[in-house]
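Participant: start.txt is reproduced below (compact mmCIF, C-alpha atoms).
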# COMPACT_ATOMS: atom_id res chain seq x y z
CA MET J 29 10.84 -28.65 46.25
CA ILE J 30 11.22 -26.45 49.36
CA GLU J 31 12.94 -28.15 52.27
CA VAL J 32 11.22 -28.57 55.65
CA ALA J 33 13.50 -28.04 58.65
CA GLN J 34 12.66 -29.84 61.90
CA PRO J 35 13.98 -28.63 65.28
CA SER J 36 12.69 -31.62 67.29
CA ILE J 37 16.05 -33.27 68.06
CA HIS J 38 17.36 -30.08 69.67
CA VAL J 39 14.20 -29.68 71.74
CA SER J 40 14.74 -33.24 72.95
CA ASN J 41 18.37 -32.45 73.77
CA PHE J 42 17.23 -29.46 75.81
CA ALA J 43 15.32 -31.76 78.15
CA LEU J 44 18.66 -33.36 79.10
CA LEU J 45 20.33 -30.04 79.91
CA GLN J 46 21.49 -29.49 83.49
CA GLN J 47 19.49 -27.03 85.54
CA ALA J 48 20.54 -23.39 85.22
CA PRO J 49 22.39 -21.87 88.21
CA ALA J 50 19.94 -18.94 88.47
CA PRO J 51 16.17 -18.50 87.96
CA TRP J 52 16.66 -15.69 85.41
CA LEU J 53 18.92 -17.89 83.29
CA ASP J 54 16.51 -20.79 83.51
CA ALA J 55 13.71 -18.51 82.30
CA LEU J 56 15.89 -17.21 79.46
CA ARG J 57 16.80 -20.70 78.35
CA ARG J 58 13.20 -21.92 78.41
CA ALA J 59 11.95 -18.91 76.49
CA ALA J 60 14.67 -19.39 73.89
CA ILE J 61 14.00 -23.10 73.30
CA ALA J 62 10.27 -22.42 73.07
CA ARG J 63 10.93 -19.75 70.46
CA PHE J 64 13.28 -22.04 68.55
CA ALA J 65 10.59 -24.74 68.50
CA GLU J 66 8.20 -22.16 66.99
CA LEU J 67 10.68 -20.85 64.42
CA GLY J 68 12.32 -24.06 63.32
CA PHE J 69 15.42 -23.76 61.19
CA PRO J 70 15.38 -21.08 58.50
CA THR J 71 14.74 -22.17 54.94
CA THR J 72 15.47 -20.59 51.58
CA ARG J 73 12.01 -19.02 51.69
CA ASP J 74 13.39 -16.63 54.32
CA GLU J 75 14.96 -13.59 52.66
CA GLU J 76 17.97 -13.59 54.98
CA TRP J 77 18.64 -17.24 54.06
CA GLN J 78 17.67 -17.14 50.40
CA TYR J 79 21.05 -18.42 49.17
CA THR J 80 22.00 -20.59 52.16
CA ASN J 81 20.32 -23.96 52.53
CA VAL J 82 20.62 -25.33 56.08
CA ALA J 83 18.74 -28.55 55.29
CA PRO J 84 21.92 -30.64 55.96
CA VAL J 85 21.93 -29.23 59.51
CA ALA J 86 18.21 -29.69 60.01
CA ARG J 87 18.20 -33.33 58.98
CA THR J 88 21.22 -34.39 61.06
CA ALA J 89 20.51 -35.85 64.51
CA PHE J 90 23.19 -33.94 66.43
CA ARG J 91 23.81 -34.95 70.03
CA PRO J 92 25.34 -32.72 72.70
CA ALA J 93 29.12 -32.92 72.58
CA PRO J 94 30.64 -34.88 75.50
CA ARG J 95 32.73 -33.24 78.17
CA GLU J 96 35.70 -35.55 77.65
CA SER J 97 38.51 -34.18 75.49
CA GLY J 98 39.25 -37.41 73.64
CA LEU J 99 42.23 -38.34 71.49
CA GLY J 100 44.03 -35.86 69.27
CA VAL J 101 42.71 -32.71 70.85
CA ARG J 102 46.06 -31.70 72.39
CA GLU J 103 47.71 -31.84 68.98
CA ARG J 104 44.91 -29.78 67.46
CA VAL J 105 45.18 -27.13 70.17
CA ALA J 106 48.98 -27.04 69.84
CA ALA J 107 48.64 -26.39 66.09
CA LEU J 108 46.45 -23.35 66.82
CA SER J 109 48.54 -21.89 69.64
CA LEU J 110 50.61 -18.74 69.36
CA PRO J 111 53.50 -19.59 71.74
CA GLU J 112 55.74 -16.75 70.53
CA LEU J 113 53.31 -14.24 72.05
CA GLN J 114 53.38 -15.81 75.53
CA CYS J 115 49.81 -14.60 75.88
CA THR J 116 46.76 -15.74 77.80
CA GLU J 117 45.16 -18.65 75.98
CA LEU J 118 41.81 -20.09 77.00
CA VAL J 119 40.95 -23.44 75.44
CA PHE J 120 37.43 -24.80 75.06
CA VAL J 121 36.89 -28.38 73.93
CA ASN J 122 33.42 -29.17 72.61
CA GLY J 123 32.29 -25.80 73.94
CA ARG J 124 33.51 -26.37 77.51
CA PHE J 125 36.50 -24.89 79.30
CA ALA J 126 39.60 -27.11 79.36
CA ARG J 127 41.65 -25.78 82.25
CA ASP J 128 44.50 -28.25 81.75
CA LEU J 129 45.02 -27.06 78.17
CA SER J 130 44.77 -23.35 78.95
CA THR J 131 47.50 -20.86 79.82
CA LEU J 132 47.01 -17.73 81.90
CA GLY J 133 49.60 -15.12 81.04
CA THR J 134 50.42 -11.94 82.91
CA LEU J 135 47.49 -9.54 82.84
CA PRO J 136 47.02 -6.05 84.29
CA ARG J 137 45.46 -5.77 87.69
CA GLY J 138 41.69 -5.97 87.73
CA VAL J 139 41.27 -7.81 84.42
CA GLU J 140 38.83 -10.70 84.77
CA ILE J 141 39.17 -13.57 82.32
CA GLY J 142 37.98 -17.13 82.47
CA ASP J 143 35.11 -19.39 81.64
CA LEU J 144 31.51 -18.21 81.65
CA ALA J 145 30.34 -21.31 83.53
CA SER J 146 32.42 -20.38 86.60
CA VAL J 147 31.04 -16.84 86.71
CA LEU J 148 27.49 -18.15 86.36
CA ALA J 149 28.12 -20.61 89.20
CA ARG J 150 29.61 -18.01 91.56
CA GLU J 151 27.87 -14.74 90.71
CA PRO J 152 25.08 -15.28 88.17
CA GLU J 153 23.45 -11.95 89.05
CA ARG J 154 26.43 -10.09 87.55
CA LEU J 155 25.61 -11.38 84.08
CA GLU J 156 21.84 -10.95 84.08
CA LYS J 157 21.89 -7.54 82.40
CA TYR J 158 24.38 -8.66 79.75
CA LEU J 159 23.53 -12.15 78.51
CA GLY J 160 20.98 -11.96 75.75
CA SER J 161 20.69 -8.18 75.74
CA LEU J 162 22.65 -7.72 72.49
CA ALA J 163 21.86 -10.98 70.71
CA PRO J 164 18.07 -11.13 70.26
CA TYR J 165 16.62 -14.56 69.61
CA ARG J 166 13.00 -13.81 68.77
CA ASN J 167 13.52 -14.00 65.00
CA ARG J 168 16.91 -15.72 64.78
CA ALA J 169 16.80 -19.47 65.10
CA PHE J 170 20.50 -20.14 65.63
CA VAL J 171 20.78 -17.43 68.30
CA ALA J 172 17.70 -18.89 69.99
CA LEU J 173 19.30 -22.34 69.93
CA ASN J 174 22.54 -21.04 71.41
CA THR J 175 20.68 -19.08 74.10
CA ALA J 176 18.69 -22.17 75.06
CA PHE J 177 21.92 -24.10 75.64
CA VAL J 178 23.96 -21.38 77.39
CA GLU J 179 26.44 -23.16 79.64
CA ASP J 180 30.02 -22.15 78.94
CA GLY J 181 32.29 -19.99 76.84
CA ALA J 182 34.76 -17.18 77.39
CA PHE J 183 34.26 -14.28 79.79
CA LEU J 184 36.39 -11.13 79.71
CA ARG J 185 36.03 -7.87 81.62
CA VAL J 186 38.64 -5.15 81.25
CA PRO J 187 38.28 -2.39 83.88
CA ALA J 188 38.16 1.30 82.99
CA GLY J 189 41.40 2.81 81.71
CA THR J 190 43.20 -0.55 81.55
CA VAL J 191 45.25 -1.57 78.51
CA VAL J 192 45.82 -5.28 77.89
CA ALA J 193 48.95 -5.16 75.75
CA SER J 194 49.21 -8.86 74.82
CA PRO J 195 46.53 -10.53 72.70
CA ILE J 196 44.06 -12.87 74.35
CA HIS J 197 43.67 -16.11 72.43
CA LEU J 198 40.44 -18.09 72.64
CA VAL J 199 40.69 -21.59 71.17
CA PHE J 200 37.52 -23.57 70.41
CA ALA J 201 38.38 -27.14 69.44
CA SER J 202 35.68 -29.60 68.45
CA ASN J 203 36.40 -33.28 69.02
CA PRO J 204 33.39 -35.45 68.10
CA PRO J 205 33.73 -39.03 69.44
CA GLY J 206 32.57 -40.89 66.35
CA PHE J 207 29.05 -39.49 66.01
CA GLU J 208 27.54 -36.11 65.04
CA THR J 209 27.78 -33.62 67.90
CA VAL J 210 26.82 -30.00 68.55
CA SER J 211 28.34 -27.36 70.84
CA HIS J 212 27.07 -23.87 71.68
CA PRO J 213 29.92 -21.64 72.98
CA ARG J 214 28.66 -18.35 74.43
CA ASN J 215 31.20 -15.56 74.87
CA LEU J 216 30.83 -12.29 76.75
CA VAL J 217 33.29 -9.38 76.46
CA ILE J 218 32.94 -6.19 78.54
CA LEU J 219 35.34 -3.32 77.89
CA GLU J 220 34.79 -0.54 80.37
CA PRO J 221 35.44 3.13 79.41
CA GLY J 222 38.95 3.85 78.17
CA SER J 223 40.08 0.21 78.13
CA GLN J 224 41.86 -1.62 75.31
CA ALA J 225 42.19 -5.28 74.31
CA THR J 226 42.98 -7.57 71.38
CA ILE J 227 41.20 -10.92 71.01
CA VAL J 228 41.86 -13.79 68.62
CA ALA J 229 39.19 -16.51 68.49
CA SER J 230 40.20 -19.71 66.67
CA TYR J 231 37.77 -22.50 65.74
CA ALA J 232 38.95 -25.90 64.49
CA GLY J 233 38.06 -29.56 64.38
CA PRO J 234 38.70 -32.87 62.58
CA ASP J 235 37.84 -33.60 58.96
CA GLY J 236 36.34 -37.05 59.34
CA ILE J 237 32.84 -36.55 60.76
CA PRO J 238 30.12 -33.86 60.64
CA TYR J 239 29.71 -31.68 63.71
CA LEU J 240 27.98 -28.39 64.42
CA THR J 241 29.50 -25.36 66.13
CA ASN J 242 26.90 -22.69 66.94
CA THR J 243 28.56 -19.78 68.71
CA VAL J 244 27.36 -16.37 69.92
CA THR J 245 29.61 -13.55 71.15
CA GLU J 246 28.33 -10.35 72.79
CA VAL J 247 30.70 -7.37 73.07
CA PHE J 248 30.09 -4.22 75.10
CA ALA J 249 32.59 -1.45 74.24
CA GLY J 250 32.42 1.50 76.65
CA GLU J 251 33.30 5.12 75.92
CA ARG J 252 36.73 5.48 74.28
CA ALA J 253 37.29 1.72 74.50
CA VAL J 254 39.42 0.12 71.78
CA LEU J 255 39.02 -3.48 70.62
CA ALA J 256 40.65 -5.54 67.88
CA TYR J 257 38.80 -8.81 67.35
CA CYS J 258 39.89 -11.53 64.92
CA LYS J 259 37.90 -14.71 64.32
CA LEU J 260 39.69 -17.53 62.49
CA ASP J 261 37.61 -20.44 61.19
CA GLN J 262 39.58 -23.59 60.34
CA GLU J 263 36.78 -26.07 60.98
CA GLY J 264 36.84 -29.62 59.65
CA ALA J 265 35.92 -30.53 56.08
CA LYS J 266 32.45 -31.79 57.05
CA ALA J 267 31.72 -29.24 59.78
CA PHE J 268 28.83 -26.82 60.05
CA HIS J 269 29.80 -23.48 61.57
CA PHE J 270 27.34 -20.76 62.58
CA ALA J 271 28.67 -17.68 64.36
CA THR J 272 26.97 -14.52 65.58
CA LEU J 273 28.99 -11.51 66.77
CA GLU J 274 26.99 -8.68 68.37
CA ILE J 275 28.77 -5.43 69.29
CA GLU J 276 27.48 -2.29 70.98
CA GLN J 277 29.77 0.75 70.97
CA ALA J 278 29.56 3.77 73.24
CA ALA J 279 30.77 7.27 72.34
CA SER J 280 34.25 7.60 70.79
CA SER J 281 34.93 3.85 70.97
CA ASN J 282 36.84 2.06 68.22
CA VAL J 283 36.32 -1.57 67.18
CA THR J 284 38.06 -3.46 64.38
CA THR J 285 37.02 -6.99 63.41
CA HIS J 286 38.46 -9.57 61.04
CA ALA J 287 36.54 -12.69 60.01
CA ILE J 288 38.77 -15.24 58.26
CA SER J 289 36.92 -18.29 56.89
CA LEU J 290 39.11 -21.12 55.64
CA GLY J 291 37.35 -24.29 56.77
CA GLY J 292 33.95 -25.87 57.20
CA ALA J 293 31.52 -27.30 54.68
CA LEU J 294 28.71 -24.86 55.48
CA VAL J 295 29.62 -21.59 57.21
CA ARG J 296 27.49 -18.61 58.23
CA ASN J 297 28.99 -15.51 59.91
CA ASP J 298 26.68 -12.80 61.23
CA VAL J 299 28.37 -9.59 62.43
CA ASN J 300 26.11 -6.85 63.79
CA VAL J 301 27.48 -3.56 65.15
CA ARG J 302 25.50 -0.75 66.74
CA LEU J 303 27.30 2.60 66.99
CA ALA J 304 25.27 3.76 69.98
CA GLY J 305 27.41 6.75 70.92
CA ALA J 306 28.56 9.89 69.11
CA GLY J 307 31.91 9.63 67.36
CA ALA J 308 32.12 5.84 67.49
CA GLU J 309 34.20 4.10 64.80
CA CYS J 310 34.23 0.56 63.49
CA SER J 311 36.04 -1.37 60.77
CA LEU J 312 34.73 -4.75 59.59
CA ASN J 313 37.02 -6.92 57.47
CA GLY J 314 36.64 -10.39 56.08
CA LEU J 315 38.43 -12.96 53.92
CA TYR J 316 36.76 -16.19 52.82
CA LEU J 317 38.30 -19.00 50.77
CA ALA J 318 36.02 -21.73 49.45
CA SER J 319 36.59 -24.70 47.16
CA GLY J 320 34.98 -28.01 46.29
CA ARG J 321 31.32 -27.66 47.29
CA GLN J 322 32.00 -25.47 50.30
CA HIS J 323 29.51 -22.69 51.09
CA VAL J 324 30.35 -19.53 53.07
CA ASP J 325 27.77 -16.88 53.97
CA ASN J 326 28.70 -13.50 55.49
CA HIS J 327 25.92 -11.22 56.74
CA THR J 328 26.83 -7.88 58.33
CA THR J 329 24.87 -4.92 59.71
CA ILE J 330 26.34 -1.61 60.85
CA ASP J 331 23.77 0.56 62.61
CA HIS J 332 24.73 4.24 62.87
CA ALA J 333 22.46 5.43 65.67
CA GLU J 334 24.31 8.61 66.71
CA PRO J 335 26.10 11.46 64.87
CA HIS J 336 29.74 11.69 63.79
CA GLY J 337 30.11 7.94 63.42
CA THR J 338 32.56 6.32 61.00
CA SER J 339 32.47 2.83 59.55
CA ARG J 340 34.61 1.01 56.99
CA GLU J 341 33.90 -2.44 55.65
CA LEU J 342 35.98 -4.59 53.31
CA TYR J 343 35.23 -8.25 52.60
CA LYS J 344 37.10 -10.32 50.02
CA GLY J 345 36.25 -13.77 48.70
CA ILE J 346 38.22 -16.36 46.74
CA LEU J 347 36.16 -19.19 45.26
CA ASP J 348 37.24 -22.28 43.36
CA GLY J 349 35.67 -25.53 42.18
CA LYS J 350 31.88 -25.61 42.70
CA ALA J 351 32.06 -23.46 45.82
CA SER J 352 29.48 -20.80 46.60
CA ALA J 353 29.43 -17.76 48.85
CA VAL J 354 27.14 -14.98 50.01
CA PHE J 355 27.94 -11.44 51.07
CA ASN J 356 25.02 -9.43 52.43
CA GLY J 357 26.22 -6.17 53.96
CA ARG J 358 23.79 -3.61 55.33
CA ILE J 359 24.58 -0.11 56.60
CA VAL J 360 21.81 1.80 58.39
CA VAL J 361 22.08 5.53 59.08
CA ARG J 362 19.36 6.76 61.43
CA ARG J 363 17.69 10.16 61.26
CA ASP J 364 19.76 11.75 64.04
CA ALA J 365 23.08 10.24 62.88
CA GLN J 366 24.24 13.32 60.98
CA LYS J 367 27.88 13.66 59.89
CA THR J 368 28.13 9.91 59.37
CA ALA J 369 30.86 8.56 57.09
CA ALA J 370 30.46 4.98 55.88
CA ARG J 371 32.18 2.94 53.18
CA GLN J 372 31.40 -0.65 52.23
CA THR J 373 33.23 -2.82 49.67
CA ASN J 374 32.97 -6.46 48.66
CA LYS J 375 35.46 -7.93 46.16
CA ASN J 376 35.39 -11.48 44.85
CA LEU J 377 37.81 -13.57 42.82
CA LEU J 378 36.36 -16.56 40.97
CA LEU J 379 38.91 -19.21 40.02
CA SER J 380 36.54 -21.53 38.18
CA GLU J 381 33.53 -21.20 35.92
CA GLU J 382 31.37 -23.20 38.35
CA ALA J 383 32.00 -21.06 41.44
CA VAL J 384 29.10 -18.78 42.47
CA ILE J 385 28.93 -15.58 44.53
CA ASN J 386 25.77 -13.75 45.57
CA THR J 387 26.65 -10.26 46.77
CA LYS J 388 24.24 -7.64 48.06
CA PRO J 389 25.70 -4.42 49.56
CA GLN J 390 22.98 -2.17 51.01
CA LEU J 391 22.65 1.39 52.28
CA GLU J 392 19.63 2.63 54.25
CA ILE J 393 20.11 6.36 54.81
CA ASN J 394 17.64 8.40 56.86
CA ALA J 395 19.86 11.47 57.43
CA ASP J 396 20.82 14.16 54.91
CA ASP J 397 24.32 15.21 56.01
CA VAL J 398 26.31 12.04 55.42
CA LYS J 399 29.07 10.60 53.22
CA CYS J 400 28.27 7.00 52.33
CA ASN J 401 29.18 4.70 49.47
CA HIS J 402 29.22 1.01 48.68
CA GLY J 403 30.24 -1.31 45.88
CA ALA J 404 30.89 -4.90 44.85
CA THR J 405 33.14 -6.48 42.23
CA ILE J 406 33.39 -10.00 40.80
CA GLY J 407 36.29 -10.98 38.58
CA GLN J 408 38.88 -13.52 37.57
CA LEU J 409 42.67 -13.56 37.53
CA ASP J 410 44.04 -11.12 34.97
CA PRO J 411 45.46 -13.29 32.14
CA ALA J 412 47.85 -10.51 31.08
CA VAL J 413 49.42 -10.33 34.55
CA LEU J 414 49.54 -14.11 34.75
CA PHE J 415 51.29 -14.24 31.37
CA TYR J 416 53.78 -11.59 32.51
CA LEU J 417 54.74 -13.61 35.60
CA ARG J 418 55.11 -16.80 33.56
CA SER J 419 57.27 -14.99 31.02
CA ARG J 420 59.66 -14.22 33.87
CA GLY J 421 60.17 -17.92 34.58
CA ILE J 422 57.54 -18.42 37.25
CA GLY J 423 55.54 -21.63 36.92
CA TYR J 424 51.79 -21.50 36.30
CA HIS J 425 50.71 -22.66 39.76
CA ASP J 426 53.22 -20.45 41.55
CA ALA J 427 52.17 -17.43 39.49
CA ARG J 428 48.52 -18.17 40.14
CA ASN J 429 49.09 -18.48 43.89
CA LEU J 430 51.10 -15.26 43.95
CA LEU J 431 48.20 -13.33 42.45
CA ILE J 432 45.67 -14.96 44.77
CA ASN J 433 47.81 -14.24 47.83
CA ALA J 434 48.20 -10.63 46.73
CA PHE J 435 44.42 -10.35 46.46
CA GLY J 436 43.88 -11.56 50.04
CA SER J 437 46.95 -9.99 51.67
CA GLU J 438 45.22 -6.66 52.28
CA ILE J 439 42.92 -8.34 54.79
CA ILE J 440 45.60 -10.44 56.50
CA GLU J 441 48.04 -7.53 56.85
CA GLY J 442 45.38 -5.49 58.62
CA ILE J 443 45.22 -7.92 61.55
CA ALA J 444 46.78 -6.39 64.66
CA VAL J 445 48.46 -9.64 65.79
CA LYS J 446 51.53 -9.81 63.56
CA PRO J 447 52.62 -13.40 64.45
CA LEU J 448 49.22 -14.52 63.18
CA HIS J 449 50.13 -13.36 59.67
CA CYS J 450 52.54 -16.24 59.08
CA GLN J 451 50.01 -18.79 60.34
CA LEU J 452 47.35 -17.36 58.05
CA ASP J 453 49.66 -17.17 55.04
CA LEU J 454 50.50 -20.85 55.52
CA ALA J 455 46.84 -21.74 55.95
CA VAL J 456 45.91 -19.90 52.75
CA VAL J 457 48.68 -21.61 50.76
CA THR J 458 47.55 -24.99 52.13
CA ARG J 459 43.96 -24.30 51.13
CA LEU J 460 45.01 -23.20 47.65
CA SER J 461 47.14 -26.31 47.16
CA ARG J 462 44.06 -28.47 47.66
CA GLY J 463 42.57 -27.00 44.51
CA GLN J 464 39.27 -28.63 43.75
CA ARG J 465 39.79 -31.30 46.37
CA GLY J 466 38.10 -28.97 48.91
CA GLN J 467 35.24 -29.56 51.28
CA GLU J 468 32.07 -31.25 50.17
CA VAL J 469 28.62 -31.31 51.70
CA VAL J 470 25.47 -32.87 50.34
CA VAL J 471 22.71 -30.23 50.22
Have the structure of the file written as structure tokens, please.
Facilitator:
Amino acid sequence: MIEVAQPSIHVSNFALLQQAPAPWLDALRRAAIARFAELGFPTTRDEEWQYTNVAPVARTAFRPAPRESGLGVRERVAALSLPELQCTELVFVNGRFARDLSTLGTLPRGVEIGDLASVLAREPERLEKYLGSLAPYRNRAFVALNTAFVEDGAFLRVPAGTVVASPIHLVFASNPPGFETVSHPRNLVILEPGSQATIVASYAGPDGIPYLTNTVTEVFAGERAVLAYCKLDQEGAKAFHFATLEIEQAASSNVTTHAISLGGALVRNDVNVRLAGAGAECSLNGLYLASGRQHVDNHTTIDHAEPHGTSRELYKGILDGKASAVFNGRIVVRRDAQKTAARQTNKNLLLSEEAVINTKPQLEINADDVKCNHGATIGQLDPAVLFYLRSRGIGYHDARNLLINAFGSEIIEGIAVKPLHCQLDLAVVTRLSRGQRGQEVVV
């Protein structure tokens, strides 16, 4: 039986939304909710969602998350903080800026950072050409839903030639007050020509109750701009997490992303990069751990639109219990994008006979002077190596965890923020120690 997904509750929630601060934003919101009502939620009949069933999301009557922080949120934020960096940290609770929990570090002159809601209230015309220009909603239901509910999120503009040496940490903490809630953070990052920045975006919430985080981030990287972007998902055990990252790169820019998925019951990450200028480079990296009945879906697209572009992509998955995952990576090389070099790899480690991975690396090449390759592997722990470690006095579980950590360490070590490595190593060990007691969701 094919599931039927109903968007009506979210259309009803839209009617309660506060009026937009500008006519153009009001028109954008209304167009987006109308399109969402037409589309409905995707089903497994849709090719892009063939292996990801969002029926649990569609049948849950989510209500807009309240503005109040509630109990326990300070402890959750403190657990995610990176105090040793003494960096700027913006905290958003239930998708809204929490000024009292945030810390503004020392930033170079001219750097603008804060909450999107404040910029929209003061100078909405500044954002008209940016919001929605990279993240199309016509055929993407979750982007349409986020666009309809645009209110708040992170805003960053780094002026031309400016280097932000310290990482910028964005913390998104969900704190549902005893019923199912939804939040729609919308983030906008503008790196002007020759600028540089590092961003860490952390998402987390409690284990006890289902909630939905539906986030969209649009990144504009100007000529010769350099960005390192790391997204860390440690959502609650019953959470639904949908994230879209849209990046447009100008000539000679360089963007590196890391998507680390450790939490959530049902997770979907969409990363789409357009190399719109000659000589642009990008590197997409991902690590996903899933156990119990957890499901993690990674969809990526790298669009080489101009010549002399370079892209590298490496995603690794570790699955245990009855967990399932999807990797769908697509590289497009357009006719005029000669001298393109692209490499895509997906590697998966299955720790149980019931874990399932669906992997689909794709190349679409329309130019003749390119160097492109892709590949995917699915395997288990090498019993010979495991036996060797045990013969040296290492216990079974310790030996197993050593091999698993070695498999994922390549991704973690590539993250530019070194203090984050220890936090991630601890999080991975904690996840592994749960074994088959991982997240569960009824599909």
Participant: Between J:Gly250, J:Gly407, J:Pro195, J:Gly345, which is the closest to Gly222 in chain J once you count all atoms listed in the file?
Facilitator: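 Result for the nearest residue to Gly222 in chain J: J:Gly250.
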Participant: Would you mind telling me which residue in J:Thr284, J:Thr338, J:Gln277, J:Ser230 lies nearest to Ile218 in chain J when using all atoms listed in the file?
Facilitator: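 Comparing J:Thr284, J:Thr338, J:Gln277, J:Ser230 against Ile218 in chain J, the winner is J:Gln277.
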Participant: In terms of the shortest atom-to-atom distance over only C-alpha atoms, which of J:Gly403, J:Gly436, J:Pro92, J:Pro221 is closest to Asn122 in chain J?
Facilitator: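 Among the listed residues, the smallest separation from Asn122 in chain J belongs to J:Pro92.
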Participant: I need the residue nearest Ala351 in chain J from this list: J:Asn326, J:Thr72, J:Thr134, J:Ser319. Use all atoms listed in the file for the distance.
Facilitator: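 The answer is J:Ser319, which sits nearest to Ala351 in chain J.
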Participant: Give as a count of residues only the set of residues within 9 Å of the point (36.6, -2.4, 87.9), where distances use the file's coordinates and all atoms listed in the file.
Facilitator: 7
Participant: Quote the spacing between CA of Glu76 in chain J and CA of Thr272 in chain J in Å to one decimal place.
Facilitator: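 Separation between CA of Glu76 in chain J and CA of Thr272 in chain J: 13.9 Å.
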Participant: For the atom pair CA of Ala172 in chain J and CA of Leu118 in chain J, what is the interatomic distance in Å to one decimal place?
Facilitator: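 So the answer is 25.1 Å.
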Participant: Taking (53.6, -12.6, 56.9) in the file's coordinates as the center, which residues reach within 10 Å of it, counting all atoms listed in the file, put as number ranges by chain?
Facilitator: J: 437, 440-441, 446-454
Participant: Between J:His38, J:Arg428, J:Arg58, J:Arg73, which residue has the minimum interatomic distance to Arg91 in chain J, considering only C-alpha atoms?
Facilitator: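 Closest candidate: J:His38.
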Participant: Need the shell around Lys388 in chain J: protein/DNA/RNA residues with any atom at most 7 Å away, counting all atoms listed in the file. Skip same-chain ones fewer than 5 positions apart. Format as a VMD selection string?
Facilitator: chain J and resid 355 to 357
Participant: Leaving out Asp397 in chain J and any residue of its chain fewer than 4 positions from it, which residues lie within 8 Å of it when counting only C-alpha atoms, given as a PDB file with C-alpha atoms, in the coordinates of the input?
Facilitator:
ATOM      1  CA  GLN J 366      24.240  13.320  60.980  1.00  0.00           C
ATOM      2  CA  LYS J 367      27.880  13.660  59.890  1.00  0.00           C
ATOM      3  CA  THR J 368      28.130   9.910  59.370  1.00  0.00           C
TER       4      THR J 368
END
Participant: Which residues come within 10 Å of Ser194 in chain J, counting only C-alpha atoms, excluding same-chain residues fewer than 5 positions away, as an NGL selection string?
Facilitator: :J and (113-116 or 133-135 or 225-227 or 445)
Participant: Atoms to include: C-alpha atoms. Write the selected residues as an mmCIF file, keeping the file's coordinate frame.
Facilitator:
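See selection.cif below for the written result:
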data_model
loop_
_atom_site.group_PDB
_atom_site.id
_atom_site.type_symbol
_atom_site.label_atom_id
_atom_site.label_comp_id
_atom_site.auth_asym_id
_atom_site.auth_seq_id
_atom_site.Cartn_x
_atom_site.Cartn_y
_atom_site.Cartn_z
ATOM 1 C CA LEU J 113 53.310 -14.240 72.050
ATOM 2 C CA GLN J 114 53.380 -15.810 75.530
ATOM 3 C CA CYS J 115 49.810 -14.600 75.880
ATOM 4 C CA THR J 116 46.760 -15.740 77.800
ATOM 5 C CA GLY J 133 49.600 -15.120 81.040
ATOM 6 C CA THR J 134 50.420 -11.940 82.910
ATOM 7 C CA LEU J 135 47.490 -9.540 82.840
ATOM 8 C CA ALA J 225 42.190 -5.280 74.310
ATOM 9 C CA THR J 226 42.980 -7.570 71.380
ATOM 10 C CA ILE J 227 41.200 -10.920 71.010
ATOM 11 C CA VAL J 445 48.460 -9.640 65.790
#
Participant: Show which residues sit within 12 Å of Ala412 in chain J, as a list of chain:residue names. Count only C-alpha atoms, and ignore same-chain residues fewer than 6 positions away.
Facilitator: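 Everything that qualifies: J:Arg418, J:Ser419, J:Ala427, J:Arg428, J:Leu431.
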Participant: At what distance in Å, to one decimal, does CA of Arg459 in chain J lie from CA of Leu409 in chain J?
Facilitator: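 CA of Arg459 in chain J lies at a distance of 17.4 Å from CA of Leu409 in chain J.
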Participant: List as a PyMOL selection string the protein and nucleic acid residues near range 378-387 of chain J, meaning an atom at most 8 Å away when only C-alpha atoms are counted, but skip any in the same chain fewer than 2 places from it.
Facilitator: chain J and resi 79+346-356+374+376+389+404+406-409
Participant: Of the candidates J:Ala293, J:Gly160, J:Tyr231, J:Leu312, which one gets nearest to Val244 in chain J if we count only C-alpha atoms?
Facilitator: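 Under the stated criterion, the closest residue is J:Gly160.
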Participant: Mind dumping a table of every range 147-186 of chain J residue within 10 Å of range 263-271 of chain J, with the nearest atom pair and its distance in Å to one decimal, using only C-alpha atoms, sorted by chain and rising number, as a tab-separated table?
Facilitator:
residue	atom	partner	partner_atom	distance
J:Phe170	CA	J:Phe270	CA	7.5
J:Val171	CA	J:Ala271	CA	8.8
J:Asn174	CA	J:Ala271	CA	9.9
Participant: Would you mind completing range 286-291 of chain J so that it carries N, CA and C atoms, and writing it out as a PDB file, in the frame of the given file?
Facilitator:
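Produced file out-v6.pdb, reproduced below:
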ATOM      1  N   HIS J 286      38.039  -8.799  62.203  1.00  0.00           N
ATOM      2  CA  HIS J 286      38.460  -9.570  61.040  1.00  0.00           C
ATOM      3  C   HIS J 286      37.815 -10.947  61.129  1.00  0.00           C
ATOM      4  N   ALA J 287      37.133 -11.359  60.086  1.00  0.00           N
ATOM      5  CA  ALA J 287      36.540 -12.690  60.010  1.00  0.00           C
ATOM      6  C   ALA J 287      37.214 -13.454  58.883  1.00  0.00           C
ATOM      7  N   ILE J 288      38.018 -14.458  59.242  1.00  0.00           N
ATOM      8  CA  ILE J 288      38.770 -15.240  58.260  1.00  0.00           C
ATOM      9  C   ILE J 288      38.151 -16.636  58.200  1.00  0.00           C
ATOM     10  N   SER J 289      37.587 -16.995  57.054  1.00  0.00           N
ATOM     11  CA  SER J 289      36.920 -18.290  56.890  1.00  0.00           C
ATOM     12  C   SER J 289      37.700 -19.153  55.917  1.00  0.00           C
ATOM     13  N   LEU J 290      38.307 -20.216  56.450  1.00  0.00           N
ATOM     14  CA  LEU J 290      39.110 -21.120  55.640  1.00  0.00           C
ATOM     15  C   LEU J 290      38.564 -22.538  55.632  1.00  0.00           C
ATOM     16  N   GLY J 291      37.801 -22.913  56.635  1.00  0.00           N
ATOM     17  CA  GLY J 291      37.350 -24.290  56.770  1.00  0.00           C
ATOM     18  C   GLY J 291      35.840 -24.389  56.831  1.00  0.00           C
TER      19      GLY J 291
END
